[in-house]
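The file run06.cif comes next; it holds mmCIF, C-alpha atoms and all ligand atoms.
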data_data
#
loop_
_atom_site.label_atom_id
_atom_site.label_comp_id
_atom_site.auth_asym_id
_atom_site.auth_seq_id
_atom_site.Cartn_x
_atom_site.Cartn_y
_atom_site.Cartn_z
CA MET D 260 -33.82 -14.08 27.36
CA ASN D 261 -30.33 -12.75 26.81
CA LYS D 262 -30.33 -8.98 26.40
CA ASN D 263 -27.21 -6.90 25.90
CA TYR D 264 -26.26 -3.32 25.13
CA CYS D 265 -25.65 -3.15 21.42
CA PRO D 266 -22.46 -1.27 20.43
CA ILE D 267 -24.11 -0.12 17.20
CA CYS D 268 -27.34 1.46 18.44
CA GLY D 269 -26.48 1.77 22.15
CA ARG D 270 -29.84 0.22 23.07
CA GLN D 271 -30.54 -2.99 24.93
CA HIS D 272 -31.83 -5.69 22.65
CA LYS D 273 -31.73 -9.43 22.06
CA THR D 274 -28.49 -10.87 20.73
CA LYS D 275 -28.68 -12.83 17.52
CA LYS D 276 -25.68 -14.55 15.97
CA PHE D 277 -24.64 -14.13 12.36
CA THR D 278 -22.49 -16.88 10.87
CA PHE D 279 -20.54 -16.81 7.65
CA ASN D 280 -21.36 -20.03 5.90
CA SER D 281 -18.02 -20.79 4.33
CA LYS D 282 -15.15 -23.25 4.31
CA LEU D 283 -12.71 -20.65 3.07
CA LYS D 284 -9.82 -19.74 5.35
CA LEU D 285 -8.98 -16.29 6.68
CA ILE D 286 -5.61 -14.88 5.63
CA SER D 287 -3.10 -13.05 7.85
CA SER D 288 -0.96 -10.10 6.80
CA ASN D 289 2.05 -12.41 6.57
CA PHE D 290 0.03 -14.45 4.09
CA LYS D 291 -0.66 -17.50 6.21
CA LYS D 292 -3.94 -19.29 6.64
CA ILE D 293 -5.80 -18.66 9.89
CA ASN D 294 -7.89 -21.59 11.06
CA ASN D 295 -10.43 -19.56 12.90
CA LYS D 296 -13.95 -18.34 12.45
CA LYS D 297 -15.03 -14.91 13.55
CA ASN D 298 -18.23 -14.52 15.50
CA TYR D 299 -20.72 -11.87 14.49
CA TYR D 300 -24.01 -10.55 15.80
CA VAL D 301 -26.86 -8.53 14.40
CA CYS D 302 -28.13 -5.07 15.29
CA LYS D 303 -31.74 -5.40 14.21
CA ASN D 304 -32.41 -1.68 14.58
CA PHE D 305 -29.98 -0.63 11.84
CA GLU D 306 -29.31 -3.95 10.05
CA PHE D 307 -25.61 -3.89 10.89
CA ILE D 308 -23.49 -7.00 11.47
CA TYR D 309 -21.03 -6.49 14.31
CA ALA D 310 -18.36 -8.34 16.31
CA LYS D 311 -18.06 -8.56 20.05
CA GLN D 312 -14.78 -7.85 21.77
CA THR D 313 -13.81 -11.30 23.01
CA ALA D 314 -10.47 -12.99 23.72
CA LYS D 315 -11.02 -15.15 20.63
CA ARG D 316 -11.59 -12.14 18.44
CA ARG D 317 -8.52 -10.36 19.82
CA LYS D 318 -6.45 -13.41 18.93
CA ILE D 319 -7.81 -13.37 15.37
CA ILE D 320 -7.07 -9.64 15.08
CA ASN D 321 -3.49 -10.24 16.22
CA ASP D 322 -3.13 -13.06 13.71
CA ILE D 323 -4.55 -10.97 10.87
CA TYR D 324 -2.25 -8.01 11.50
CA LYS D 325 0.83 -10.00 12.50
CA ASP D 326 3.10 -8.49 9.91
CA PHE D 327 1.07 -5.62 8.59
CA THR D 328 2.80 -3.06 6.46
CA PHE D 329 1.07 -0.69 4.11
CA LYS D 330 3.10 -2.24 1.30
CA ASN D 331 0.66 -5.13 1.31
CA ASN D 332 -2.06 -2.74 0.33
CA LEU D 333 -0.36 -0.86 -2.45
CA ILE D 334 -2.89 0.29 -4.96
CA LYS D 335 -1.98 2.20 -8.08
CA PRO D 336 -2.87 5.03 -8.62
CA SER D 337 -2.93 5.85 -4.95
CA ARG D 338 -6.39 5.99 -3.43
CA GLU D 339 -5.22 8.82 -1.18
CA ILE D 340 -4.30 11.05 -4.14
CA ILE D 341 -7.79 10.55 -5.59
CA ILE D 342 -9.42 11.39 -2.25
CA ALA D 343 -7.23 14.47 -1.73
CA ASN D 344 -8.07 15.80 -5.20
CA GLU D 345 -11.77 15.33 -4.53
CA ILE D 346 -11.42 17.32 -1.30
CA LYS D 347 -9.67 20.07 -3.25
CA LYS D 348 -12.55 20.15 -5.72
CA LYS D 349 -15.36 20.07 -3.15
CA PHE D 350 -14.05 22.36 -0.39
CA ARG D 351 -12.79 25.87 -1.14
CA LYS D 352 -12.88 27.61 2.23
CA ASN D 353 -10.11 27.52 4.80
CA MET D 354 -10.32 24.37 6.86
CA SER D 355 -8.95 22.59 9.88
CA VAL D 356 -8.97 18.84 9.36
CA LEU D 357 -8.99 15.74 11.55
CA GLU D 358 -8.21 12.34 10.08
CA ILE D 359 -9.34 9.25 11.98
CA GLY D 360 -6.88 6.35 11.51
CA PRO D 361 -4.37 7.96 9.12
CA GLY D 362 -2.52 4.73 8.22
CA ASN D 363 0.84 5.64 6.72
CA GLY D 364 -0.14 9.33 6.60
CA GLU D 365 -0.26 9.56 2.84
CA LEU D 366 -3.55 11.45 2.74
CA ILE D 367 -2.32 14.01 5.28
CA ASN D 368 0.79 14.47 3.21
CA CYS D 369 -1.31 15.14 0.06
CA LEU D 370 -3.72 17.52 1.83
CA SER D 371 -0.95 19.58 3.38
CA LYS D 372 -0.07 20.85 -0.10
CA PHE D 373 -3.41 22.65 -0.50
CA LYS D 374 -3.57 26.34 0.38
CA ASN D 375 -6.98 26.22 2.07
CA ILE D 376 -5.97 23.46 4.49
CA ILE D 377 -4.82 25.36 7.58
CA ASN D 378 -3.94 22.53 9.93
CA ILE D 379 -4.34 18.77 10.18
CA ASP D 380 -4.66 16.58 13.28
CA ALA D 381 -5.00 12.84 13.46
CA TYR D 382 -6.44 10.26 15.80
CA ASP D 383 -5.16 6.70 16.02
CA ILE D 384 -5.40 4.11 18.77
CA ASN D 385 -1.66 3.60 18.72
CA LYS D 386 1.32 5.59 17.62
CA ASN D 387 2.31 3.09 14.99
CA LYS D 388 5.61 2.80 13.25
CA PHE D 389 4.22 3.66 9.82
CA PHE D 390 3.29 7.08 10.92
CA ASN D 391 5.95 9.48 9.77
CA LEU D 392 4.52 12.97 9.58
CA ASN D 393 6.92 15.01 11.63
CA LYS D 394 8.15 16.76 8.52
CA VAL D 395 4.67 17.80 7.37
CA LYS D 396 4.39 21.43 8.45
CA LYS D 397 0.60 21.65 8.72
CA PHE D 398 0.39 18.47 10.76
CA LYS D 399 -0.11 19.43 14.39
CA ASN D 400 -1.33 16.72 16.77
CA LEU D 401 -1.63 12.96 16.91
CA PHE D 402 -4.29 12.08 19.49
CA ILE D 403 -4.60 8.60 20.93
CA ASN D 404 -7.78 9.37 22.87
CA LEU D 405 -10.80 10.90 21.11
CA ASN D 406 -12.13 12.21 24.42
CA LYS D 407 -9.01 14.29 24.92
CA ILE D 408 -9.61 16.38 21.80
CA TYR D 409 -10.98 19.83 22.58
CA HIS D 410 -10.82 21.44 19.12
CA LYS D 411 -13.59 21.64 16.54
CA TYR D 412 -12.96 20.77 12.92
CA ASP D 413 -14.36 21.80 9.56
CA LEU D 414 -13.67 18.40 8.06
CA VAL D 415 -13.28 14.94 9.59
CA ILE D 416 -12.00 12.17 7.32
CA MET D 417 -12.60 8.47 7.87
CA ASN D 418 -10.81 6.53 5.14
CA GLN D 419 -10.91 2.72 5.55
CA VAL D 420 -11.60 2.96 9.27
CA PHE D 421 -15.39 2.98 9.74
CA PHE D 422 -15.65 -0.83 9.61
CA HIS D 423 -12.79 -1.26 12.12
CA LEU D 424 -14.24 0.99 14.82
CA ASP D 425 -15.20 -0.62 18.07
CA LYS D 426 -18.02 0.99 20.09
CA LEU D 427 -19.39 2.58 16.97
CA ASP D 428 -22.23 4.43 18.69
CA LYS D 429 -19.96 6.16 21.20
CA THR D 430 -17.33 6.92 18.57
CA MET D 431 -19.75 8.47 16.08
CA ASN D 432 -21.30 10.57 18.85
CA LYS D 433 -17.89 11.98 19.65
CA ILE D 434 -16.94 12.54 16.01
CA SER D 435 -20.15 14.46 15.44
CA GLU D 436 -19.32 16.59 18.51
CA LEU D 437 -15.87 17.34 17.13
CA LEU D 438 -17.35 18.84 13.97
CA ASP D 439 -18.06 22.51 13.64
CA ASP D 440 -21.78 23.36 13.28
CA ASN D 441 -21.51 23.32 9.50
CA GLY D 442 -18.69 20.80 9.37
CA HIS D 443 -18.38 17.87 7.01
CA LEU D 444 -17.52 14.19 7.36
CA PHE D 445 -15.88 12.43 4.42
CA LEU D 446 -16.39 8.68 4.75
CA ILE D 447 -14.71 6.11 2.51
CA THR D 448 -15.37 2.48 3.39
CA PRO D 449 -15.45 -0.84 1.49
CA ASN D 450 -18.75 -1.75 -0.12
CA PRO D 451 -19.50 -5.23 1.30
CA PHE D 452 -21.45 -6.22 -1.81
CA LYS D 453 -18.48 -5.44 -4.06
CA HIS D 454 -15.37 -5.91 -1.92
CA LYS D 455 -16.37 -9.48 -1.11
CA VAL D 456 -13.04 -10.66 0.26
CA ILE D 457 -12.95 -8.20 3.20
CA TYR D 458 -14.24 -10.68 5.75
CA TYR D 459 -11.28 -13.01 5.03
CA VAL D 460 -8.43 -10.50 5.07
CA TYR D 461 -9.35 -7.76 7.57
CA ASP D 462 -10.60 -7.39 11.05
CA ILE D 463 -14.15 -6.15 10.69
CA PHE D 464 -15.97 -4.69 13.61
CA SER D 465 -19.13 -3.84 11.69
CA ILE D 466 -20.53 -3.80 8.20
CA SER D 467 -23.71 -2.78 6.47
CA SER D 468 -24.95 -1.37 3.18
CA LYS D 469 -24.54 2.19 1.96
CA LYS D 470 -28.19 3.06 2.63
CA ASN D 471 -27.97 1.73 6.19
CA ILE D 472 -24.77 3.65 6.90
CA ILE D 473 -26.45 6.85 5.70
CA SER D 474 -29.56 6.18 7.76
CA TYR D 475 -27.40 5.30 10.79
CA LEU D 476 -25.36 8.51 10.61
CA ASN D 477 -28.57 10.57 10.54
CA ARG D 478 -28.89 9.94 14.27
CA TYR D 479 -25.60 11.80 14.86
CA ASN D 480 -26.87 14.85 12.93
CA LEU D 481 -24.77 13.85 9.95
CA ASN D 482 -26.78 13.94 6.77
CA LEU D 483 -25.78 12.96 3.27
CA LYS D 484 -24.65 15.80 1.04
CA ASN D 485 -22.79 13.96 -1.75
CA ASP D 486 -22.74 10.34 -2.85
CA LEU D 487 -19.47 9.96 -4.75
CA SER D 488 -20.00 6.44 -6.01
CA TYR D 489 -17.90 7.23 -9.11
CA LEU D 490 -14.79 7.96 -7.06
CA LEU D 491 -13.31 4.57 -6.10
CA LYS D 492 -13.93 1.02 -7.26
CA ASN D 493 -15.53 -1.28 -4.64
CA GLN D 494 -15.80 1.57 -2.13
CA ILE D 495 -18.63 3.58 -0.63
CA SER D 496 -17.59 7.27 -0.75
CA LEU D 497 -19.90 9.73 1.00
CA ILE D 498 -19.80 13.33 2.20
CA PHE D 499 -22.03 14.19 5.17
CA LYS D 500 -22.85 17.64 6.46
CA LYS D 501 -23.66 18.33 10.08
CA ASN D 502 -27.11 19.79 10.84
CA PHE D 503 -28.12 19.50 7.20
CA SER D 504 -31.56 18.24 6.31
CA ASN D 505 -31.56 14.94 4.40
CA ARG D 506 -33.06 11.90 6.09
CA VAL D 507 -32.68 8.46 4.54
CA ARG D 508 -34.46 5.23 5.48
CA GLY D 509 -32.51 2.06 6.07
CA GLU D 510 -33.01 -1.21 4.21
CA LYS D 511 -32.69 -4.98 4.64
CA PHE D 512 -29.03 -5.89 4.54
CA ILE D 513 -28.40 -9.02 6.62
CA SER D 514 -30.21 -11.57 4.45
CA LYS D 515 -28.89 -10.05 1.24
CA TYR D 516 -25.31 -10.10 2.58
CA LYS D 517 -25.59 -13.74 3.59
CA LYS D 518 -26.52 -14.57 -0.02
CA THR D 519 -23.56 -12.54 -1.29
CA GLN D 520 -21.21 -14.51 0.97
CA ILE D 521 -22.61 -17.88 -0.14
CA SER D 522 -22.32 -16.98 -3.83
CA PHE D 523 -18.78 -15.64 -3.29
CA ALA D 524 -17.71 -18.93 -1.66
CA SER D 525 -19.20 -20.95 -4.49
CA GLU D 526 -17.67 -18.69 -7.14
CA ILE D 527 -14.24 -19.08 -5.51
CA SER D 528 -14.62 -22.84 -5.05
CA LYS D 529 -14.86 -23.29 -8.83
CA LEU D 530 -11.20 -22.29 -9.03
CA LYS D 531 -10.29 -25.58 -7.36
CA HIS D 532 -10.66 -27.43 -10.67
CA LYS D 533 -8.66 -24.98 -12.72
CA LYS D 534 -5.00 -24.43 -13.36
CA ILE D 535 -4.56 -20.82 -12.31
CA THR D 536 -2.17 -17.99 -12.88
CA ILE D 537 -2.88 -15.31 -10.30
CA ASN D 538 -2.07 -11.87 -11.62
CA GLY D 539 -1.99 -9.43 -8.70
CA MET D 540 -0.73 -10.62 -5.32
CA GLY D 541 -2.49 -8.15 -3.08
CA LEU D 542 -4.97 -9.22 -0.43
CA LYS D 543 -7.33 -10.99 -2.82
CA GLY D 544 -4.52 -12.70 -4.72
CA ASN D 545 -3.04 -14.01 -1.50
CA PHE D 546 -6.41 -15.12 -0.23
CA ILE D 547 -6.96 -17.22 -3.36
CA PHE D 548 -3.40 -18.51 -3.40
CA ASN D 549 -3.59 -19.71 0.20
CA ASN D 550 -7.01 -21.28 -0.15
CA TYR D 551 -6.28 -23.07 -3.45
CA LYS D 552 -2.51 -23.59 -3.45
CA LYS D 553 -2.74 -26.93 -5.24
CA SER D 554 -4.43 -25.35 -8.26
CA VAL D 555 -2.05 -22.44 -8.65
CA PHE D 556 0.53 -22.81 -11.40
CA GLN D 557 1.93 -19.31 -11.29
CA ILE D 558 1.73 -16.14 -9.22
CA LYS D 559 2.77 -12.80 -10.62
CA ASP D 560 2.64 -9.16 -9.69
CA GLU D 561 4.46 -6.63 -11.79
CA PHE D 562 4.15 -3.92 -9.18
CA ARG D 563 5.48 -6.03 -6.30
CA LYS D 564 8.05 -7.75 -8.56
CA ILE D 565 6.70 -11.25 -7.96
CA ASN D 566 6.87 -13.99 -10.57
CA LYS D 567 6.89 -17.56 -9.35
CA VAL D 568 6.02 -20.81 -11.09
CA PHE D 569 4.89 -23.96 -9.24
CA LYS D 570 5.96 -26.70 -11.63
CA LYS D 571 4.48 -29.57 -9.67
CA ASN D 572 1.04 -28.16 -10.35
CA PHE D 573 1.64 -28.22 -14.09
CA LYS D 574 0.51 -31.83 -14.58
CA LYS D 575 -3.15 -30.99 -14.49
CA LYS D 576 -4.82 -31.34 -17.84
CA SER D 577 -7.12 -28.37 -17.57
CA LYS D 578 -6.42 -25.19 -19.51
CA LEU D 579 -4.38 -22.43 -17.91
CA PHE D 580 -6.62 -19.78 -16.50
CA GLU D 581 -5.48 -16.25 -15.68
CA LEU D 582 -7.12 -14.65 -12.72
CA LYS D 583 -6.74 -10.89 -12.45
CA THR D 584 -7.16 -9.67 -8.90
CA TYR D 585 -6.52 -5.96 -9.35
ZN ZN F 601 -28.47 -2.48 18.03
#

As structure tokens, the full file:
Amino acid sequence: MNKNYCPICGRQHKTKKFTFNSKLKLISSNFKKINNKKNYYVCKNFEFIYAKQTAKRRKIINDIYKDFTFKNNLIKPSREIIIANEIKKKFRKNMSVLEIGPGNGELINCLSKFKNIINIDAYDINKNKFFNLNKVKKFKNLFINLNKIYHKYDLVIMNQVFFHLDKLDKTMNKISELLDDNGHLFLITPNPFKHKVIYYVYDIFSISSKKNIISYLNRYNLNLKNDLSYLLKNQISLIFKKNFSNRVRGEKFISKYKKTQISFASEISKLKHKKITINGMGLKGNFIFNNYKKSVFQIKDEFRKINKVFKKNFKKKSKLFELKTY
């Protein structure tokens, strides 16, 4: 029997593989097809799917983020403005804030304009080139090692990072430690049942359902205070409070997610027989374009100033079909 320490629950249990049953190709940030399948495993204790850190996976990660700029992810109106305004509404007292994985720093920039935000720190695994916060007065420290942080915070923000985090158990333990006794965690992460393309366009370390994430975070003394499902389309948006009493039971996720993936692949495969105009060339638009190039007659994106016609695909008799991917 092959037993391993599970990076989700930190316990030793049997390893079971999870395979995505799909012929669709992964897409890199420079919009090329990646001919590689990611390997996933199952944490049966919390019904999470997770990846192991292997040389193959590292290669896929490098391929996915080859040419990553935050421009590829432009969403209008900015997700970060919506999140910042929600923080303004929900938290009135003076706060010190830590953001995990700040991306291009847009959220920090928005938050620094609020009176009750006293100072903001950030943690990222690398000092990346998109990070330009030196001019933001309230921004103090960029940490590259969580274990080297000795402050406590009133609010920790994890926006689009939870599913990327390696060694989730250890990381969440530390994040809980970094929170003040009555501190809050604001977690925003893609909903795998709604944001179905994530597997093909991002590196995912782990995914599970909203209920399972809530139940999982209970073990780090982080309990659900607000479920802000109205806030952002296709996202799970939750506020947790440390040492607050609100226990939630987990649910079956793995089998349900497998079905979601199969139906997504079959839904997408129907596009093969159509003559498509893709409206919106973000991650999903590029994913469809690269997987079904021969069916695409036109790609357009007002925001990114893209408008291209592929005349050789015009011969098909089928009716022109506009696919909106916003
Ligand atoms: Zn486990």

Return as a PyMOL selection string the residues of protein, DNA or RNA that approach ligand ZN 601 (chain F) to within 9 Å, with only C-alpha atoms and all ligand atoms taken into account. chain D and resi 264-274+301-307

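Separating CA of Phe556 in chain D from CA of Asn289 in chain D is a distance of 20.8 Å.
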
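Considering the residues D:Asp322, D:Glu436, D:Asp383, D:Asp413 and counting only C-alpha atoms, Ile293 in chain D has its shortest atom-to-atom contact with D:Asp322.
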
Quick one: residues within 8 Å of Asn549 in chain D, all atoms listed in the file counted, chain neighbours fewer than 3 positions away excluded, as an mmCIF file with C-alpha atoms, in the frame of the given file?
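What landed in around.cif:
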data_model
loop_
_atom_site.group_PDB
_atom_site.id
_atom_site.type_symbol
_atom_site.label_atom_id
_atom_site.label_comp_id
_atom_site.auth_asym_id
_atom_site.auth_seq_id
_atom_site.Cartn_x
_atom_site.Cartn_y
_atom_site.Cartn_z
ATOM 1 C CA ILE D 286 -5.610 -14.880 5.630
ATOM 2 C CA PHE D 290 0.030 -14.450 4.090
ATOM 3 C CA LYS D 291 -0.660 -17.500 6.210
ATOM 4 C CA LYS D 292 -3.940 -19.290 6.640
ATOM 5 C CA ASN D 545 -3.040 -14.010 -1.500
ATOM 6 C CA PHE D 546 -6.410 -15.120 -0.230
ATOM 7 C CA LYS D 552 -2.510 -23.590 -3.450
#

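Using only C-alpha atoms for every distance, the candidate list D:Val420, D:Ile447, D:Leu392, D:Leu285 yields D:Ile447 as the residue closest to Glu339 in chain D.
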
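Interatomic distance, CA of Asn353 in chain D to CA of Phe445 in chain D: 16.2 Å.
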
Taking all listed atoms of range 397-402 of chain D, build the axis-aligned box, pad each of the six sides by 4 Å, then write its centre and edge lengths in Å to one decimal as lines of an AutoDock Vina configuration file.
center_x = -1.8
center_y = 16.9
center_z = 14.1
size_x = 12.9
size_y = 17.6
size_z = 18.8
